[in-house]
$ cat work-v7.pdb   # PDB, C-alpha atoms
ATOM      1  CA  MET M 769    -174.702  36.589-122.414  1.00  0.00           C
ATOM      2  CA  LYS M 770    -178.272  35.304-122.367  1.00  0.00           C
ATOM      3  CA  ILE M 771    -179.359  31.700-121.973  1.00  0.00           C
ATOM      4  CA  VAL M 772    -183.055  31.144-122.671  1.00  0.00           C
ATOM      5  CA  ARG M 773    -184.762  27.756-122.412  1.00  0.00           C
ATOM      6  CA  LEU M 774    -188.116  26.879-123.936  1.00  0.00           C
ATOM      7  CA  GLU M 775    -189.319  25.100-120.793  1.00  0.00           C
ATOM      8  CA  ASP M 776    -188.694  28.259-118.762  1.00  0.00           C
ATOM      9  CA  LEU M 777    -190.961  30.324-121.040  1.00  0.00           C
ATOM     10  CA  LYS M 778    -193.943  27.962-121.258  1.00  0.00           C
ATOM     11  CA  GLY M 779    -196.876  29.324-119.276  1.00  0.00           C
ATOM     12  CA  THR M 780    -195.359  32.823-118.945  1.00  0.00           C
ATOM     13  CA  ASP M 781    -196.340  36.050-120.687  1.00  0.00           C
ATOM     14  CA  GLN M 782    -193.751  35.163-123.360  1.00  0.00           C
ATOM     15  CA  GLU M 783    -195.928  32.266-124.542  1.00  0.00           C
ATOM     16  CA  VAL M 784    -198.687  33.714-126.729  1.00  0.00           C
ATOM     17  CA  VAL M 785    -201.620  31.530-127.739  1.00  0.00           C
ATOM     18  CA  SER M 786    -203.486  33.109-130.624  1.00  0.00           C
ATOM     19  CA  PRO M 787    -207.265  32.940-131.008  1.00  0.00           C
ATOM     20  CA  ALA M 788    -206.505  31.635-134.525  1.00  0.00           C
ATOM     21  CA  GLY M 789    -204.793  28.548-133.100  1.00  0.00           C
ATOM     22  CA  TRP M 790    -201.034  29.138-133.394  1.00  0.00           C
ATOM     23  CA  THR M 791    -198.728  29.379-130.403  1.00  0.00           C
ATOM     24  CA  SER M 792    -195.635  31.576-130.271  1.00  0.00           C
ATOM     25  CA  VAL M 793    -192.977  31.379-127.575  1.00  0.00           C
ATOM     26  CA  ARG M 794    -190.954  34.590-127.662  1.00  0.00           C
ATOM     27  CA  PHE M 795    -187.307  33.916-126.742  1.00  0.00           C
ATOM     28  CA  ILE M 796    -185.797  37.316-127.508  1.00  0.00           C
ATOM     29  CA  LEU M 797    -187.820  40.542-127.493  1.00  0.00           C
ATOM     30  CA  LYS M 798    -187.254  44.249-128.012  1.00  0.00           C
ATOM     31  CA  LYS M 799    -186.477  44.679-124.286  1.00  0.00           C
ATOM     32  CA  ASP M 800    -183.453  42.373-124.708  1.00  0.00           C
ATOM     33  CA  GLY M 801    -181.736  44.973-126.902  1.00  0.00           C
ATOM     34  CA  MET M 802    -180.572  42.579-129.633  1.00  0.00           C
ATOM     35  CA  GLY M 803    -182.129  44.484-132.565  1.00  0.00           C
ATOM     36  CA  PHE M 804    -184.383  41.546-133.518  1.00  0.00           C
ATOM     37  CA  SER M 805    -186.842  39.204-131.858  1.00  0.00           C
ATOM     38  CA  MET M 806    -186.818  35.413-132.095  1.00  0.00           C
ATOM     39  CA  HIS M 807    -189.771  33.116-131.532  1.00  0.00           C
ATOM     40  CA  GLU M 808    -190.713  29.469-131.812  1.00  0.00           C
ATOM     41  CA  THR M 809    -194.109  29.278-133.512  1.00  0.00           C
ATOM     42  CA  THR M 810    -196.270  26.171-133.719  1.00  0.00           C
ATOM     43  CA  PHE M 811    -199.036  25.783-136.299  1.00  0.00           C
ATOM     44  CA  PRO M 812    -201.361  22.832-135.649  1.00  0.00           C
ATOM     45  CA  PRO M 813    -202.309  20.580-138.597  1.00  0.00           C
ATOM     46  CA  GLY M 814    -204.915  22.184-140.844  1.00  0.00           C
ATOM     47  CA  LEU M 815    -204.385  25.761-139.678  1.00  0.00           C
ATOM     48  CA  GLU M 816    -204.327  28.189-142.604  1.00  0.00           C
ATOM     49  CA  PHE M 817    -203.487  31.781-141.726  1.00  0.00           C
ATOM     50  CA  ASP M 818    -203.090  34.980-143.765  1.00  0.00           C
ATOM     51  CA  MET M 819    -200.268  37.316-142.758  1.00  0.00           C
ATOM     52  CA  TRP M 820    -198.802  40.586-144.016  1.00  0.00           C
ATOM     53  CA  TYR M 821    -196.008  42.114-141.974  1.00  0.00           C
ATOM     54  CA  LYS M 822    -196.292  45.694-143.225  1.00  0.00           C
ATOM     55  CA  HIS M 823    -194.077  47.008-140.434  1.00  0.00           C
ATOM     56  CA  HIS M 824    -191.606  44.139-139.964  1.00  0.00           C
ATOM     57  CA  LEU M 825    -189.254  41.927-141.918  1.00  0.00           C
ATOM     58  CA  GLU M 826    -189.374  38.254-140.996  1.00  0.00           C
ATOM     59  CA  ALA M 827    -187.238  35.183-141.635  1.00  0.00           C
ATOM     60  CA  VAL M 828    -188.731  31.772-140.805  1.00  0.00           C
ATOM     61  CA  TYR M 829    -186.897  28.461-140.455  1.00  0.00           C
ATOM     62  CA  CYS M 830    -188.884  25.205-140.427  1.00  0.00           C
ATOM     63  CA  TYR M 831    -187.433  22.399-138.318  1.00  0.00           C
ATOM     64  CA  GLN M 832    -190.478  20.112-138.031  1.00  0.00           C
ATOM     65  CA  GLY M 833    -193.633  19.329-139.990  1.00  0.00           C
ATOM     66  CA  ARG M 834    -194.880  20.208-143.445  1.00  0.00           C
ATOM     67  CA  GLY M 835    -196.797  23.137-144.851  1.00  0.00           C
ATOM     68  CA  ILE M 836    -197.526  25.251-147.902  1.00  0.00           C
ATOM     69  CA  LEU M 837    -196.573  28.915-148.168  1.00  0.00           C
ATOM     70  CA  THR M 838    -198.508  30.980-150.709  1.00  0.00           C
ATOM     71  CA  ASN M 839    -197.460  34.429-151.935  1.00  0.00           C
ATOM     72  CA  ARG M 840    -200.861  36.141-152.079  1.00  0.00           C
ATOM     73  CA  ASP M 841    -199.692  38.702-154.644  1.00  0.00           C
ATOM     74  CA  THR M 842    -198.276  36.232-157.193  1.00  0.00           C
ATOM     75  CA  GLY M 843    -200.080  32.990-156.329  1.00  0.00           C
ATOM     76  CA  GLU M 844    -196.741  31.151-156.111  1.00  0.00           C
ATOM     77  CA  GLN M 845    -196.722  28.233-153.677  1.00  0.00           C
ATOM     78  CA  PHE M 846    -193.767  26.733-151.853  1.00  0.00           C
ATOM     79  CA  ASP M 847    -193.431  23.516-149.873  1.00  0.00           C
ATOM     80  CA  ILE M 848    -192.251  24.206-146.339  1.00  0.00           C
ATOM     81  CA  VAL M 849    -190.427  21.208-144.875  1.00  0.00           C
ATOM     82  CA  PRO M 850    -187.663  20.767-142.295  1.00  0.00           C
ATOM     83  CA  GLY M 851    -184.513  22.561-143.427  1.00  0.00           C
ATOM     84  CA  THR M 852    -186.429  25.300-145.310  1.00  0.00           C
ATOM     85  CA  LEU M 853    -186.008  29.003-144.569  1.00  0.00           C
ATOM     86  CA  TYR M 854    -188.209  31.663-146.107  1.00  0.00           C
ATOM     87  CA  ALA M 855    -187.541  35.384-145.823  1.00  0.00           C
ATOM     88  CA  LEU M 856    -190.301  37.964-146.228  1.00  0.00           C
ATOM     89  CA  ASP M 857    -187.945  40.661-147.463  1.00  0.00           C
ATOM     90  CA  ASN M 858    -190.573  42.716-149.312  1.00  0.00           C
ATOM     91  CA  HIS M 859    -193.323  42.780-146.660  1.00  0.00           C
ATOM     92  CA  ASP M 860    -194.911  39.973-148.679  1.00  0.00           C
ATOM     93  CA  ARG M 861    -198.599  39.189-148.189  1.00  0.00           C
ATOM     94  CA  HIS M 862    -198.658  35.442-147.583  1.00  0.00           C
ATOM     95  CA  THR M 863    -200.675  32.489-146.342  1.00  0.00           C
ATOM     96  CA  LEU M 864    -199.193  29.609-144.410  1.00  0.00           C
ATOM     97  CA  LYS M 865    -201.074  26.322-144.232  1.00  0.00           C
ATOM     98  CA  ALA M 866    -199.926  23.504-141.952  1.00  0.00           C
ATOM     99  CA  ILE M 867    -200.331  20.065-143.526  1.00  0.00           C
ATOM    100  CA  GLU M 868    -198.629  18.515-140.487  1.00  0.00           C
ATOM    101  CA  GLU M 869    -197.849  20.304-137.224  1.00  0.00           C
ATOM    102  CA  LEU M 870    -195.272  22.957-138.107  1.00  0.00           C
ATOM    103  CA  LYS M 871    -192.509  24.023-135.740  1.00  0.00           C
ATOM    104  CA  LEU M 872    -190.885  27.242-136.923  1.00  0.00           C
ATOM    105  CA  VAL M 873    -188.188  29.594-135.675  1.00  0.00           C
ATOM    106  CA  CYS M 874    -189.190  33.158-136.590  1.00  0.00           C
ATOM    107  CA  THR M 875    -186.988  36.241-136.459  1.00  0.00           C
ATOM    108  CA  PHE M 876    -188.446  39.758-136.705  1.00  0.00           C
ATOM    109  CA  ASN M 877    -186.837  43.102-137.444  1.00  0.00           C
ATOM    110  CA  PRO M 878    -187.672  45.471-135.882  1.00  0.00           C
ATOM    111  CA  PRO M 879    -188.123  43.309-132.795  1.00  0.00           C
ATOM    112  CA  VAL M 880    -191.561  42.821-131.287  1.00  0.00           C
ATOM    113  CA  SER M 881    -192.348  43.667-127.674  1.00  0.00           C
ATOM    114  CA  GLY M 882    -193.915  40.295-126.939  1.00  0.00           C
ATOM    115  CA  ARG M 883    -197.730  40.289-126.780  1.00  0.00           C
ATOM    116  CA  GLU M 884    -198.520  41.106-130.409  1.00  0.00           C
ATOM    117  CA  ILE M 885    -201.432  39.408-132.155  1.00  0.00           C
ATOM    118  CA  HIS M 886    -202.146  39.954-135.862  1.00  0.00           C
ATOM    119  CA  ASP M 887    -204.549  42.744-136.851  1.00  0.00           C
ATOM    120  CA  GLU M 888    -207.280  42.438-139.517  1.00  0.00           C
ATOM    121  CA  ASP M 889    -204.633  42.639-142.299  1.00  0.00           C
ATOM    122  CA  GLY M 890    -202.496  39.914-140.718  1.00  0.00           C
ATOM    123  CA  ALA M 891    -199.886  42.414-139.489  1.00  0.00           C
ATOM    124  CA  TYR M 892    -198.351  43.321-136.167  1.00  0.00           C
ATOM    125  CA  LEU M 893    -198.839  46.985-135.371  1.00  0.00           C
ATOM    126  CA  PRO M 894    -195.690  49.135-135.473  1.00  0.00           C
ATOM    127  CA  ASP M 895    -193.952  49.759-132.190  1.00  0.00           C
ATOM    128  CA  THR M 896    -194.922  53.126-130.785  1.00  0.00           C
ATOM    129  CA  ASP M 897    -192.089  53.419-128.253  1.00  0.00           C
TER     130      ASP M 897
END

$ encode --input "work-v7.pdb" --output "structure tokens"
Amino acid sequence: MKIVRLEDLKGTDQEVVSPAGWTSVRFILKKDGMGFSMHETTFPPGLEFDMWYKHHLEAVYCYQGRGILTNRDTGEQFDIVPGTLYALDNHDRHTLKAIEELKLVCTFNPPVSGREIHDEDGAYLPDTD
């Protein structure tokens, strides 16, 4: 059994601050052997970021704030508010814009190792292990 507390991860190598402005605290990683990784990601107000997880599937649950999710292939837009989950089940190219500070719980499959930052396409590189 694992017990992981946010306050214990702040300021460690499991807290990743992106040059783009988001922060991701990685609770569960590949090394934990769970078959997925789970993160808390914070988007500050006004941040708009393009992503495309070519090598991962992701589910995202919003528990605080407000944002707009845009499917970059179809142009569809979705309001992201507390209680909303979106699943990127087709490696969807998307843009997330924070209207208010967003607090999100993100789950990745396959799991990430922990220090990933998005590449020029907005993707995490595939795990080479």

$ closest_atom_pairs --input "work-v7.pdb" --of "stretch 796-820 of chain M" --to "stretch 769-778 of chain M" --cutoff "10 Å" --atoms "all atoms listed in the file" --output "CSV"
residue,atom,partner,partner_atom,distance
M:Ile796,CA,M:Val772,CA,8.3
M:Asp800,CA,M:Lys770,CA,9.1
M:His807,CA,M:Leu774,CA,10.0
M:Glu808,CA,M:Leu774,CA,8.7

$ resolve_selection --input "work-v7.pdb" --expression "the PyMOL selection byres ((chain M and resi 793) around 10)" --output "JSON, numbers by chain"
{"M": [774, 775, 777, 778, 779, 780, 781, 782, 783, 784, 785, 791, 792, 794, 795, 796, 806, 807, 808, 809, 810, 873, 874, 882]}

$ axis_aligned_box --input "work-v7.pdb" --around "stretch 853-866 of chain M" --padding-each-side "6 Å" --output "JSON"
{"center_x": -193.5, "center_y": 33.1, "center_z": -145.6, "size_x": 27.1, "size_y": 31.3, "size_z": 19.4}

$ residues_around --input "work-v7.pdb" --residues "M:Gly803" --least-positions-apart "2" --cutoff "9 Å" --atoms "all atoms listed in the file" --output "list in words"
Leu797, Lys798, Asp800, Gly801, Ser805, Phe876, Asn877, Pro878 and Pro879 of chain M

$ closest_residue --input "work-v7.pdb" --among "M:Ala788, M:Lys822, M:Pro850, M:Met802" --to "M:Lys871" --atoms "all atoms listed in the file"
M:Pro850
